[in-house]
>>> print(open('query-v1.cif').read())   # mmCIF, C-alpha atoms (C1' of nucleotides)
data_target
#
loop_
_atom_site.label_atom_id
_atom_site.label_comp_id
_atom_site.auth_asym_id
_atom_site.auth_seq_id
_atom_site.Cartn_x
_atom_site.Cartn_y
_atom_site.Cartn_z
CA MET T 1 0.00 0.00 0.00
CA LEU T 2 2.96 2.23 0.16
CA THR T 3 4.15 0.97 -3.16
CA GLN T 4 2.31 3.33 -5.45
CA ASN T 5 3.64 6.35 -3.61
CA ASN T 6 7.28 5.33 -3.77
CA THR T 7 9.39 7.69 -5.75
CA THR T 8 12.61 6.80 -7.45
CA VAL T 9 15.00 7.55 -4.60
CA ALA T 10 13.01 5.56 -2.06
CA THR T 11 12.76 2.51 -4.32
CA GLU T 12 16.47 2.72 -4.99
CA TRP T 13 17.11 2.66 -1.25
CA LEU T 14 14.81 -0.34 -0.83
CA ASP T 15 16.65 -2.16 -3.58
CA ARG T 16 19.93 -1.41 -1.89
CA LEU T 17 18.62 -2.70 1.43
CA LYS T 18 17.33 -5.85 -0.16
CA ALA T 19 20.62 -6.36 -1.97
CA SER T 20 22.32 -6.14 1.41
CA GLY T 21 20.23 -9.05 2.64
CA TYR T 22 17.60 -7.19 4.62
CA ARG T 23 13.93 -8.07 4.34
CA LEU T 24 11.55 -5.34 3.33
CA THR T 25 8.52 -4.59 5.45
CA ASP T 26 5.94 -1.87 5.62
CA SER T 27 7.81 -0.36 8.54
CA THR T 28 11.02 -0.22 6.57
CA ARG T 29 9.24 1.27 3.60
CA ALA T 30 7.66 3.98 5.71
CA VAL T 31 10.95 5.06 7.28
CA VAL T 32 12.75 4.98 3.95
CA GLN T 33 10.00 7.00 2.32
CA VAL T 34 10.34 9.71 4.94
CA VAL T 35 14.10 9.94 5.05
CA ALA T 36 15.00 9.37 1.41
CA GLU T 37 12.83 12.14 0.00
CA ASN T 38 13.92 14.72 2.47
CA SER T 39 16.46 17.51 2.60
CA PHE T 40 16.26 18.35 6.28
CA ALA T 41 18.18 16.87 9.16
CA LEU T 42 15.69 14.67 11.01
CA GLU T 43 15.92 13.10 14.44
CA PRO T 44 14.56 9.63 15.19
CA ALA T 45 11.51 11.02 17.00
CA GLN T 46 10.59 13.24 14.06
CA ILE T 47 11.01 10.39 11.62
CA PHE T 48 8.82 8.28 13.86
CA ILE T 49 5.98 10.82 13.76
CA SER T 50 6.07 11.20 10.00
CA ALA T 51 6.54 7.55 9.20
CA ARG T 52 3.75 6.42 11.47
CA GLN T 53 1.32 8.21 9.21
CA LEU T 54 2.40 5.83 6.47
CA SER T 55 2.55 2.73 8.65
CA PRO T 56 0.35 3.24 11.74
CA HIS T 57 1.67 0.32 13.79
CA LEU T 58 5.26 1.46 13.45
CA GLY T 59 7.24 1.52 16.71
CA LEU T 60 9.98 3.96 17.62
CA VAL T 61 12.36 1.07 18.17
CA THR T 62 12.01 0.09 14.54
CA VAL T 63 12.98 3.60 13.51
CA TYR T 64 16.25 3.21 15.40
CA ARG T 65 16.82 -0.20 13.90
CA THR T 66 16.07 0.97 10.39
CA LEU T 67 18.37 3.95 10.75
CA ASP T 68 21.13 1.58 11.82
CA LYS T 69 20.60 -0.48 8.70
CA LEU T 70 20.53 2.59 6.51
CA GLU T 71 23.73 3.88 8.07
CA GLU T 72 25.30 0.45 7.73
CA THR T 73 24.38 0.39 4.06
CA GLY T 74 25.71 3.90 3.55
CA LEU T 75 22.37 5.45 2.67
CA VAL T 76 22.15 7.93 5.53
CA GLN T 77 24.67 9.87 7.57
CA ARG T 78 24.56 11.70 10.85
CA VAL T 79 24.47 15.46 11.06
CA HIS T 80 26.40 17.09 13.86
CA GLN T 81 24.72 20.17 15.25
CA LEU T 82 25.24 22.38 18.25
CA ASN T 83 22.27 20.94 20.08
CA GLY T 84 23.34 17.36 19.48
CA CYS T 85 24.39 14.85 16.89
CA HIS T 86 21.34 12.69 16.52
CA ALA T 87 19.90 13.89 13.24
CA TYR T 88 20.16 12.09 9.92
CA VAL T 89 20.16 13.05 6.25
CA PRO T 90 20.54 11.07 3.03
CA ALA T 91 24.22 10.27 2.68
CA ALA T 92 26.16 12.51 0.36
CA PRO T 93 27.07 10.75 -2.89
CA GLY T 94 30.83 10.36 -3.11
CA HIS T 95 32.80 12.29 -0.58
CA GLN T 96 30.82 15.46 -0.08
CA HIS T 97 30.28 17.74 2.85
CA LEU T 98 27.28 19.39 4.36
CA LEU T 99 25.87 22.88 4.52
CA VAL T 100 23.39 23.02 7.37
CA CYS T 101 20.87 25.77 7.99
CA ARG T 102 20.84 26.67 11.66
CA SER T 103 17.27 27.80 11.55
CA CYS T 104 15.39 25.11 9.61
CA SER T 105 18.12 22.43 9.47
CA ARG T 106 17.89 22.18 5.71
CA VAL T 107 20.93 20.42 4.33
CA GLU T 108 22.77 20.90 1.06
CA TYR T 109 25.87 19.14 -0.20
CA PHE T 110 29.11 20.34 -1.64
CA SER T 111 32.30 18.61 -2.69
CA GLY T 112 35.68 19.64 -1.44
CA ASP T 113 37.93 17.42 -3.50
CA ASP T 114 40.72 19.96 -3.41
CA LEU T 115 40.81 19.79 0.38
CA ASP T 116 42.16 16.26 0.68
CA GLU T 117 45.67 17.28 -0.27
CA LEU T 118 45.69 20.14 2.22
CA PHE T 119 44.52 17.85 4.98
CA GLY T 120 47.15 15.24 4.18
CA GLN T 121 49.75 18.00 4.42
CA VAL T 122 48.47 19.11 7.83
CA GLY T 123 48.66 15.54 9.05
CA ARG T 124 52.20 14.98 7.80
CA GLU T 125 53.41 18.08 9.61
CA ARG T 126 52.21 16.60 12.89
CA GLY T 127 53.05 12.95 12.33
CA PHE T 128 49.40 12.04 11.94
CA LEU T 129 48.20 9.55 9.38
CA ILE T 130 44.95 11.09 8.18
CA GLN T 131 42.26 8.56 7.46
CA ASP T 132 39.14 10.64 7.26
CA HIS T 133 37.80 14.12 7.74
CA TRP T 134 34.63 15.74 8.70
CA LEU T 135 33.48 19.13 7.53
CA GLN T 136 30.25 21.02 7.94
CA LEU T 137 29.31 24.60 7.26
CA TYR T 138 26.62 26.30 9.30
CA GLY T 139 24.56 29.30 8.39
CA LEU T 140 21.23 30.45 7.07
CA CYS T 141 19.67 29.10 3.91
CA SER T 142 18.13 31.53 1.44
CA VAL T 143 14.60 30.91 2.71
CA CYS T 144 15.49 31.61 6.33
CA GLN T 145 17.51 34.68 5.41
CA LYS T 146 14.39 36.20 3.85
CA GLU T 147 12.28 35.24 6.82
CA GLU T 148 14.74 36.82 9.17
CA ALA T 149 14.85 40.01 7.13
CA ALA T 150 11.04 40.14 7.07
CA GLY T 151 10.21 39.13 10.63
CA MET H 152 45.37 22.26 48.84
CA LEU H 153 45.27 21.96 45.15
CA THR H 154 46.95 25.29 44.80
CA GLN H 155 50.57 24.26 44.89
CA ASN H 156 50.06 21.79 42.08
CA ASN H 157 48.36 24.22 39.71
CA THR H 158 50.30 24.86 36.56
CA THR H 159 50.07 27.94 34.45
CA VAL H 160 47.24 26.86 32.15
CA ALA H 161 44.98 25.76 34.98
CA THR H 162 45.46 28.97 36.93
CA GLU H 163 44.76 30.96 33.80
CA TRP H 164 41.48 29.11 33.40
CA LEU H 165 40.58 29.75 37.03
CA ASP H 166 41.28 33.44 36.57
CA ARG H 167 39.06 33.48 33.52
CA LEU H 168 36.26 31.76 35.39
CA LYS H 169 36.54 34.19 38.27
CA ALA H 170 36.59 37.12 35.88
CA SER H 171 33.34 35.78 34.42
CA GLY H 172 31.77 35.99 37.86
CA TYR H 173 31.99 32.36 38.93
CA ARG H 174 33.11 31.40 42.37
CA LEU H 175 36.08 29.08 42.68
CA THR H 176 35.79 25.93 44.72
CA ASP H 177 37.85 22.83 45.23
CA SER H 178 35.54 20.96 42.87
CA THR H 179 36.01 23.53 40.16
CA ARG H 180 39.75 23.48 40.65
CA ALA H 181 39.90 19.71 40.38
CA VAL H 182 37.94 19.60 37.11
CA VAL H 183 39.94 22.46 35.64
CA GLN H 184 43.20 20.83 36.65
CA VAL H 185 42.23 17.63 34.83
CA VAL H 186 40.89 19.18 31.66
CA ALA H 187 43.21 22.12 31.20
CA GLU H 188 46.43 20.13 31.32
CA ASN H 189 45.29 17.48 28.96
CA SER H 190 45.58 16.75 25.27
CA PHE H 191 43.08 13.93 24.98
CA ALA H 192 39.36 14.10 24.36
CA LEU H 193 37.74 13.29 27.70
CA GLU H 194 34.15 12.40 28.51
CA PRO H 195 32.43 13.61 31.67
CA ALA H 196 32.71 10.21 33.33
CA GLN H 197 36.45 10.05 32.71
CA ILE H 198 36.94 13.56 34.00
CA PHE H 199 34.94 12.60 37.07
CA ILE H 200 37.21 9.67 37.85
CA SER H 201 40.41 11.67 37.49
CA ALA H 202 39.17 14.76 39.25
CA ARG H 203 37.81 12.86 42.21
CA GLN H 204 41.37 11.90 43.07
CA LEU H 205 42.06 15.59 43.55
CA SER H 206 38.79 16.39 45.31
CA PRO H 207 37.35 13.21 46.83
CA HIS H 208 33.85 14.52 47.53
CA LEU H 209 33.36 15.65 43.95
CA GLY H 210 30.06 14.63 42.39
CA LEU H 211 29.46 13.78 38.75
CA VAL H 212 26.80 16.47 38.55
CA THR H 213 29.41 19.08 39.34
CA VAL H 214 31.53 17.84 36.47
CA TYR H 215 28.64 18.49 34.08
CA ARG H 216 28.04 21.89 35.60
CA THR H 217 31.68 22.87 35.46
CA LEU H 218 31.97 21.75 31.84
CA ASP H 219 28.99 23.97 31.03
CA LYS H 220 30.72 26.92 32.63
CA LEU H 221 33.95 26.17 30.84
CA GLU H 222 32.16 25.90 27.51
CA GLU H 223 30.25 29.10 28.25
CA THR H 224 33.52 30.87 28.97
CA GLY H 225 35.08 29.47 25.80
CA LEU H 226 37.71 27.41 27.59
CA VAL H 227 36.67 23.99 26.35
CA GLN H 228 35.03 22.68 23.22
CA ARG H 229 33.28 19.49 22.29
CA VAL H 230 34.92 16.85 20.16
CA HIS H 231 32.73 15.02 17.68
CA GLN H 232 33.65 11.39 17.26
CA LEU H 233 32.10 8.41 15.57
CA ASN H 234 30.99 6.88 18.84
CA GLY H 235 29.42 10.09 20.07
CA CYS H 236 29.97 13.76 20.68
CA HIS H 237 30.35 13.94 24.42
CA ALA H 238 34.06 14.46 24.82
CA TYR H 239 35.81 17.73 25.60
CA VAL H 240 39.21 19.27 24.97
CA PRO H 241 40.74 22.64 25.76
CA ALA H 242 39.32 25.10 23.25
CA ALA H 243 41.55 25.91 20.34
CA PRO H 244 43.02 29.40 20.58
CA GLY H 245 41.63 31.57 17.80
CA HIS H 246 39.80 29.70 15.12
CA GLN H 247 41.60 26.42 14.85
CA HIS H 248 40.53 22.94 13.98
CA LEU H 249 41.16 19.54 15.46
CA LEU H 250 43.16 16.52 14.53
CA VAL H 251 41.83 13.55 16.48
CA CYS H 252 43.54 10.20 16.91
CA ARG H 253 41.03 7.43 16.46
CA SER H 254 42.94 5.08 18.67
CA CYS H 255 43.91 7.11 21.75
CA SER H 256 41.77 10.23 21.12
CA ARG H 257 44.74 12.51 21.40
CA VAL H 258 43.94 15.91 19.96
CA GLU H 259 46.15 18.39 18.13
CA TYR H 260 45.23 21.74 16.65
CA PHE H 261 45.79 23.35 13.30
CA SER H 262 44.65 26.59 11.76
CA GLY H 263 42.92 26.78 8.44
CA ASP H 264 42.70 30.50 7.95
CA ASP H 265 42.83 30.11 4.19
CA LEU H 266 39.67 28.02 4.27
CA ASP H 267 37.28 30.79 5.27
CA GLU H 268 37.26 32.31 1.83
CA LEU H 269 36.61 28.98 0.16
CA PHE H 270 33.71 28.31 2.51
CA GLY H 271 32.19 31.70 1.89
CA GLN H 272 32.35 30.97 -1.81
CA VAL H 273 30.58 27.63 -1.39
CA GLY H 274 27.86 29.35 0.59
CA ARG H 275 27.34 32.11 -1.94
CA GLU H 276 26.89 29.59 -4.73
CA ARG H 277 23.99 28.07 -2.83
CA GLY H 278 22.44 31.18 -1.37
CA PHE H 279 23.64 30.28 2.12
CA LEU H 280 24.95 32.87 4.52
CA ILE H 281 27.80 31.03 6.20
CA GLN H 282 28.17 31.86 9.88
CA ASP H 283 30.42 29.15 11.15
CA HIS H 284 32.15 25.97 10.16
CA TRP H 285 33.35 22.91 11.78
CA LEU H 286 36.23 20.75 10.66
CA GLN H 287 37.95 17.76 12.18
CA LEU H 288 40.53 15.37 10.79
CA TYR H 289 40.66 11.79 11.98
CA GLY H 290 43.56 9.41 11.85
CA LEU H 291 46.36 7.86 13.83
CA CYS H 292 48.82 9.88 15.86
CA SER H 293 52.50 9.03 15.63
CA VAL H 294 52.46 7.03 18.87
CA CYS H 295 49.56 4.84 17.78
CA GLN H 296 51.02 4.33 14.32
CA LYS H 297 54.09 2.80 15.93
CA GLU H 298 52.02 0.67 18.25
CA GLU H 299 49.99 -0.61 15.36
CA ALA H 300 53.09 -1.45 13.35
CA ALA H 301 54.57 -3.30 16.35
CA GLY H 302 51.49 -5.13 17.70
"C1'" DC Y 303 33.55 38.66 60.64
"C1'" DT Y 304 29.10 38.72 58.57
"C1'" DC Y 305 25.80 38.32 55.10
"C1'" DT Y 306 24.24 37.28 50.56
"C1'" DT Y 307 23.97 34.02 47.34
"C1'" DA Y 308 26.41 30.88 44.08
"C1'" DT Y 309 27.84 26.19 44.43
"C1'" DT Y 310 27.70 21.65 46.03
"C1'" DG Y 311 26.38 16.63 46.34
"C1'" DA Y 312 22.68 13.21 46.99
"C1'" DA Y 313 18.69 11.64 45.23
"C1'" DA Y 314 14.99 11.79 42.08
"C1'" DA Y 315 13.31 12.86 37.52
"C1'" DT Y 316 13.73 13.00 32.63
"C1'" DA Y 317 15.27 11.77 28.09
"C1'" DA Y 318 17.52 8.88 24.82
"C1'" DT Y 319 18.86 4.48 23.43
"C1'" DT Y 320 19.28 -0.53 23.72
"C1'" DA Y 321 18.04 -5.33 25.10
"C1'" DT Y 322 14.52 -9.04 25.74
"C1'" DC Y 323 11.15 -11.92 23.88
"C1'" DA Y 324 7.03 -13.90 22.08
"C1'" DT Y 325 4.61 -13.11 17.76
"C1'" DT Y 326 4.32 -12.00 12.96
"C1'" DA Y 327 5.53 -11.90 8.28
"C1'" DT Y 328 9.23 -12.03 4.48
"C1'" DC Y 329 10.92 -14.55 0.91
"C1'" DA Y 330 13.81 -18.57 -0.82
"C1'" DG Y 331 13.04 -23.04 -2.19
"C1'" DT Y 332 10.01 -25.98 -3.49
"C1'" DA W 333 0.59 -21.03 -4.42
"C1'" DC W 334 2.63 -23.39 -0.25
"C1'" DT W 335 5.84 -24.07 3.37
"C1'" DG W 336 9.48 -23.51 6.55
"C1'" DA W 337 13.48 -21.11 8.44
"C1'" DT W 338 14.34 -17.07 10.40
"C1'" DA W 339 14.66 -11.92 10.12
"C1'" DA W 340 11.86 -8.18 11.65
"C1'" DT W 341 8.40 -6.28 14.58
"C1'" DG W 342 6.37 -3.88 18.61
"C1'" DA W 343 5.47 -3.84 23.60
"C1'" DT W 344 7.81 -3.79 27.67
"C1'" DA W 345 11.66 -3.52 30.50
"C1'" DA W 346 16.36 -2.23 31.25
"C1'" DT W 347 20.17 0.76 30.66
"C1'" DT W 348 22.65 4.96 30.07
"C1'" DA W 349 23.25 9.89 29.91
"C1'" DT W 350 21.87 14.17 31.48
"C1'" DT W 351 19.02 17.49 34.11
"C1'" DT W 352 16.30 19.02 37.98
"C1'" DT W 353 15.28 19.62 42.84
"C1'" DC W 354 16.62 20.96 47.27
"C1'" DA W 355 18.63 21.55 51.71
"C1'" DA W 356 23.29 22.41 53.36
"C1'" DT W 357 27.69 24.53 52.61
"C1'" DA W 358 31.08 27.82 51.59
"C1'" DA W 359 33.01 31.79 48.51
"C1'" DG W 360 34.03 36.30 48.61
"C1'" DA W 361 32.39 41.30 48.76
"C1'" DG W 362 31.93 44.67 52.10
#
>>> encode(input="query-v1.cif", output="structure tokens")
Amino acid sequence: MLTQNNTTVATEWLDRLKASGYRLTDSTRAVVQVVAENSFALEPAQIFISARQLSPHLGLVTVYRTLDKLEETGLVQRVHQLNGCHAYVPAAPGHQHLLVCRSCSRVEYFSGDDLDELFGQVGRERGFLIQDHWLQLYGLCSVCQKEEAAG
Amino acid sequence: MLTQNNTTVATEWLDRLKASGYRLTDSTRAVVQVVAENSFALEPAQIFISARQLSPHLGLVTVYRTLDKLEETGLVQRVHQLNGCHAYVPAAPGHQHLLVCRSCSRVEYFSGDDLDELFGQVGRERGFLIQDHWLQLYGLCSVCQKEEAAG
DNA sequence: CTCTTATTGAAAATAATTATCATTATCAGT
DNA sequence: ACTGATAATGATAATTATTTTCAATAAGAG
């Protein structure tokens, strides 16, 4: 019953989950539907509220479990914010970084390919072997800038 | 009784706290002593264990409260790690970024002054007003690289 | 030395996440 | 389609992390 509403991204995610050996259920489909088609950083409780409208018997526990699977499969990633680090967004394709709106938590992606070399250099200077990096920009998206100027 | 052991950094922190209107107590001094003189990312529970050796009646609640004050005053900052974002290190002077060892959680600092312009550019392209950014590099420090090669 | 009031620690309350477990439902192999 | 092994589910309980409450203490200005 969720099937007809599935858009391309959500069905892709479901295929990926299935390919990873997970079974697909209505609960899974509801959570995927909510997170995959979304450009805001969402916390488990928010996802729960939205997804339960698509699958009324859904439990919060299943949201946590599904997020684990999605993270495991590389389909979502955590967003680190000032008020905590428990929100999720669709994982950036390739190695991209996040732009997060402080007001509405909208997320956009950008690539910083040219940064890798710089970071490696920084590591070498300090005897560190750099394995990964983590970069986020915070600010106001265009929508919230207008709101702020108006209100 | 903690006074004789205080090194320069810790006393500086205490002065800063006092200047901000906070009263200084043995509990405060113990927490400051532990965190200020340290180059590893420490969680509240770890700080509690160490600091209680300096001030035996110290309660865990006071560690949380002191960390809040220290963060408020800009003396410590949070470290975001894969397993959570509840560890603290001395705040980087100026606007610096962190290099975190994944094995021992040792932290070093580096400045990326030249990055600000790049980030502003990224924001402009997407209509974002960039207000802040957050960058951490993860890897292995020199000590842990050797250990790994040996073990 | 005194007084005001910030700070403390113990205990309780809250919030967030994880484990337990009997039941249900997916889907591979007929 | 049918069946069986077993992954997934949701309710409940347990655990962990953090915050609140509150009476007692102690810092530090005057």
>>> calpha_fit_and_write(input="query-v1.cif", fixed="chain H", moving="chain T", output="short mmCIF file (atom, residue, chain, number, x, y, z; two decimals) with C-alpha atoms, keeping the file's coordinate frame")
data_model
loop_
_atom_site.label_atom_id
_atom_site.label_comp_id
_atom_site.auth_asym_id
_atom_site.auth_seq_id
_atom_site.Cartn_x
_atom_site.Cartn_y
_atom_site.Cartn_z
CA MET T 1 45.41 22.11 48.83
CA LEU T 2 45.26 21.94 45.13
CA THR T 3 46.92 25.28 44.85
CA GLN T 4 50.53 24.23 44.90
CA ASN T 5 49.99 21.78 42.08
CA ASN T 6 48.32 24.24 39.74
CA THR T 7 50.27 24.85 36.61
CA THR T 8 50.06 27.95 34.51
CA VAL T 9 47.25 26.89 32.19
CA ALA T 10 44.99 25.76 35.01
CA THR T 11 45.47 28.99 36.98
CA GLU T 12 44.77 30.98 33.85
CA TRP T 13 41.50 29.11 33.43
CA LEU T 14 40.58 29.76 37.07
CA ASP T 15 41.28 33.44 36.61
CA ARG T 16 39.09 33.48 33.55
CA LEU T 17 36.28 31.75 35.43
CA LYS T 18 36.55 34.16 38.30
CA ALA T 19 36.58 37.10 35.91
CA SER T 20 33.35 35.76 34.47
CA GLY T 21 31.75 35.96 37.90
CA TYR T 22 31.97 32.34 38.96
CA ARG T 23 33.11 31.37 42.43
CA LEU T 24 36.06 29.06 42.72
CA THR T 25 35.79 25.89 44.76
CA ASP T 26 37.86 22.80 45.24
CA SER T 27 35.54 20.95 42.89
CA THR T 28 36.04 23.53 40.18
CA ARG T 29 39.77 23.47 40.69
CA ALA T 30 39.91 19.71 40.40
CA VAL T 31 37.96 19.61 37.13
CA VAL T 32 39.96 22.47 35.67
CA GLN T 33 43.22 20.82 36.67
CA VAL T 34 42.25 17.65 34.84
CA VAL T 35 40.91 19.19 31.67
CA ALA T 36 43.26 22.14 31.22
CA GLU T 37 46.48 20.14 31.31
CA ASN T 38 45.30 17.50 28.95
CA SER T 39 45.59 16.77 25.25
CA PHE T 40 43.09 13.95 24.98
CA ALA T 41 39.38 14.12 24.36
CA LEU T 42 37.75 13.31 27.70
CA GLU T 43 34.17 12.42 28.50
CA PRO T 44 32.43 13.62 31.66
CA ALA T 45 32.72 10.21 33.33
CA GLN T 46 36.46 10.06 32.71
CA ILE T 47 36.94 13.57 34.01
CA PHE T 48 34.94 12.61 37.07
CA ILE T 49 37.23 9.67 37.86
CA SER T 50 40.41 11.68 37.49
CA ALA T 51 39.17 14.77 39.26
CA ARG T 52 37.82 12.87 42.21
CA GLN T 53 41.36 11.89 43.08
CA LEU T 54 42.06 15.58 43.56
CA SER T 55 38.80 16.40 45.31
CA PRO T 56 37.34 13.21 46.84
CA HIS T 57 33.84 14.53 47.53
CA LEU T 58 33.35 15.66 43.96
CA GLY T 59 30.04 14.62 42.38
CA LEU T 60 29.46 13.76 38.75
CA VAL T 61 26.80 16.45 38.54
CA THR T 62 29.40 19.08 39.34
CA VAL T 63 31.52 17.83 36.47
CA TYR T 64 28.64 18.50 34.09
CA ARG T 65 28.04 21.90 35.62
CA THR T 66 31.69 22.85 35.47
CA LEU T 67 31.97 21.76 31.86
CA ASP T 68 29.00 23.97 31.05
CA LYS T 69 30.74 26.92 32.64
CA LEU T 70 33.97 26.17 30.85
CA GLU T 71 32.17 25.90 27.53
CA GLU T 72 30.27 29.09 28.29
CA THR T 73 33.53 30.86 29.00
CA GLY T 74 35.11 29.48 25.84
CA LEU T 75 37.75 27.42 27.61
CA VAL T 76 36.68 24.00 26.37
CA GLN T 77 35.04 22.70 23.23
CA ARG T 78 33.29 19.50 22.29
CA VAL T 79 34.92 16.87 20.15
CA HIS T 80 32.73 15.05 17.68
CA GLN T 81 33.66 11.41 17.24
CA LEU T 82 32.09 8.43 15.57
CA ASN T 83 31.01 6.91 18.85
CA GLY T 84 29.43 10.11 20.09
CA CYS T 85 29.96 13.79 20.68
CA HIS T 86 30.34 14.00 24.41
CA ALA T 87 34.07 14.47 24.80
CA TYR T 88 35.81 17.74 25.60
CA VAL T 89 39.22 19.28 24.97
CA PRO T 90 40.75 22.66 25.77
CA ALA T 91 39.33 25.11 23.27
CA ALA T 92 41.55 25.92 20.34
CA PRO T 93 43.02 29.43 20.59
CA GLY T 94 41.66 31.57 17.78
CA HIS T 95 39.81 29.73 15.10
CA GLN T 96 41.61 26.43 14.83
CA HIS T 97 40.51 22.94 13.97
CA LEU T 98 41.15 19.56 15.45
CA LEU T 99 43.17 16.52 14.52
CA VAL T 100 41.83 13.58 16.49
CA CYS T 101 43.52 10.23 16.91
CA ARG T 102 41.00 7.45 16.47
CA SER T 103 42.90 5.10 18.68
CA CYS T 104 43.88 7.14 21.75
CA SER T 105 41.76 10.26 21.13
CA ARG T 106 44.75 12.54 21.40
CA VAL T 107 43.95 15.93 19.96
CA GLU T 108 46.14 18.41 18.13
CA TYR T 109 45.22 21.76 16.65
CA PHE T 110 45.77 23.34 13.30
CA SER T 111 44.66 26.59 11.73
CA GLY T 112 42.92 26.76 8.42
CA ASP T 113 42.72 30.49 7.88
CA ASP T 114 42.84 30.07 4.13
CA LEU T 115 39.67 27.98 4.22
CA ASP T 116 37.29 30.76 5.22
CA GLU T 117 37.26 32.29 1.77
CA LEU T 118 36.59 28.95 0.11
CA PHE T 119 33.71 28.28 2.46
CA GLY T 120 32.19 31.69 1.86
CA GLN T 121 32.35 30.96 -1.86
CA VAL T 122 30.58 27.61 -1.43
CA GLY T 123 27.85 29.32 0.55
CA ARG T 124 27.32 32.09 -2.00
CA GLU T 125 26.88 29.55 -4.77
CA ARG T 126 23.98 28.02 -2.87
CA GLY T 127 22.41 31.14 -1.41
CA PHE T 128 23.62 30.26 2.07
CA LEU T 129 24.95 32.85 4.46
CA ILE T 130 27.81 31.03 6.16
CA GLN T 131 28.17 31.85 9.81
CA ASP T 132 30.43 29.15 11.09
CA HIS T 133 32.16 25.95 10.13
CA TRP T 134 33.29 22.83 11.75
CA LEU T 135 36.24 20.76 10.65
CA GLN T 136 37.96 17.77 12.15
CA LEU T 137 40.52 15.38 10.78
CA TYR T 138 40.64 11.79 11.98
CA GLY T 139 43.53 9.40 11.86
CA LEU T 140 46.33 7.86 13.84
CA CYS T 141 48.81 9.89 15.84
CA SER T 142 52.49 9.03 15.61
CA VAL T 143 52.45 7.04 18.84
CA CYS T 144 49.54 4.85 17.78
CA GLN T 145 50.99 4.33 14.32
CA LYS T 146 54.09 2.79 15.91
CA GLU T 147 52.00 0.68 18.23
CA GLU T 148 49.96 -0.60 15.35
CA ALA T 149 53.06 -1.44 13.35
CA ALA T 150 54.55 -3.27 16.34
CA GLY T 151 51.50 -5.10 17.67
#
>>> resolve_selection(input="query-v1.cif", expression="the PyMOL selection byres ((chain H) within 12 of (chain W))", output="list of chain:residue names")
H:Lys169, H:Gly172, H:Tyr173, H:Arg174, H:Leu175, H:Thr176, H:Asp177, H:Ser178, H:Glu194, H:Pro195, H:Ala196, H:Leu211, H:Val212, H:Thr213, H:Val214, H:Tyr215, H:Arg216, H:Gly235, H:His237
>>> residues_around(input="query-v1.cif", residues="Gly123 (chain T)", least_positions_apart="3", cutoff="10 Å", atoms="all atoms listed in the file", output="ChimeraX atom specification")
/T:117-120,126-131 /H:250,259,261,288-292
>>> closest_atom_pairs(input="query-v1.cif", of="chain Y", to="chain H", cutoff="10 Å", atoms="only C-alpha atoms (C1' of nucleotides)", output="JSON lines")
{"residue": "Y:DA308", "atom": "C1'", "partner": "H:Arg174", "partner_atom": "CA", "distance": 6.9}
{"residue": "Y:DT309", "atom": "C1'", "partner": "H:Arg174", "partner_atom": "CA", "distance": 7.7}
{"residue": "Y:DT310", "atom": "C1'", "partner": "H:Thr213", "partner_atom": "CA", "distance": 7.4}
{"residue": "Y:DG311", "atom": "C1'", "partner": "H:Gly210", "partner_atom": "CA", "distance": 5.8}
{"residue": "Y:DA312", "atom": "C1'", "partner": "H:Gly210", "partner_atom": "CA", "distance": 8.8}
>>> write_last_selection(input="query-v1.cif", atoms="C-alpha atoms (C1' of nucleotides)", output="compact mmCIF listing (two decimals), keeping the file's coordinate frame")
# COMPACT_ATOMS: atom_id res chain seq x y z
C1' DA Y 308 26.41 30.88 44.08
C1' DT Y 309 27.84 26.19 44.43
C1' DT Y 310 27.70 21.65 46.03
C1' DG Y 311 26.38 16.63 46.34
C1' DA Y 312 22.68 13.21 46.99
>>> closest_residue(input="query-v1.cif", among="H:Gly302, H:Ser293, H:Ser171, H:Ala192", to="chain T", atoms="only C-alpha atoms")
H:Ser293
>>> atom_distance(input="query-v1.cif", atom1="CA of Leu168 (chain H)", atom2="CA of Gly263 (chain H)")
28.2 Å
>>> atom_distance(input="query-v1.cif", atom1="CA of Glu298 (chain H)", atom2="CA of Tyr239 (chain H)")
24.7 Å
>>> atom_distance(input="query-v1.cif", atom1="CA of Val31 (chain T)", atom2="C1' of DA324 (chain Y)")
24.4 Å
>>> resolve_selection(input="query-v1.cif", expression="the PyMOL selection byres ((chain H and resi 204) around 12)", output="compact mmCIF listing (two decimals) with C-alpha atoms, in the frame of the given file")
# COMPACT_ATOMS: atom_id res chain seq x y z
CA LEU H 153 45.27 21.96 45.15
CA ASP H 177 37.85 22.83 45.23
CA SER H 178 35.54 20.96 42.87
CA ARG H 180 39.75 23.48 40.65
CA ALA H 181 39.90 19.71 40.38
CA VAL H 182 37.94 19.60 37.11
CA GLN H 184 43.20 20.83 36.65
CA VAL H 185 42.23 17.63 34.83
CA GLN H 197 36.45 10.05 32.71
CA ILE H 198 36.94 13.56 34.00
CA PHE H 199 34.94 12.60 37.07
CA ILE H 200 37.21 9.67 37.85
CA SER H 201 40.41 11.67 37.49
CA ALA H 202 39.17 14.76 39.25
CA ARG H 203 37.81 12.86 42.21
CA LEU H 205 42.06 15.59 43.55
CA SER H 206 38.79 16.39 45.31
CA PRO H 207 37.35 13.21 46.83
CA HIS H 208 33.85 14.52 47.53
CA LEU H 209 33.36 15.65 43.95
CA GLY H 210 30.06 14.63 42.39
>>> closest_residue(input="query-v1.cif", among="H:Gln287, H:Ser190, H:Thr159, H:Gln247", to="chain T", atoms="only C-alpha atoms")
H:Gln287
>>> axis_aligned_box(input="query-v1.cif", around="region 315-321 of chain Y", padding_each_side="5 Å", output="JSON")
{"center_x": 16.3, "center_y": 3.8, "center_z": 30.5, "size_x": 16.0, "size_y": 28.3, "size_z": 24.1}
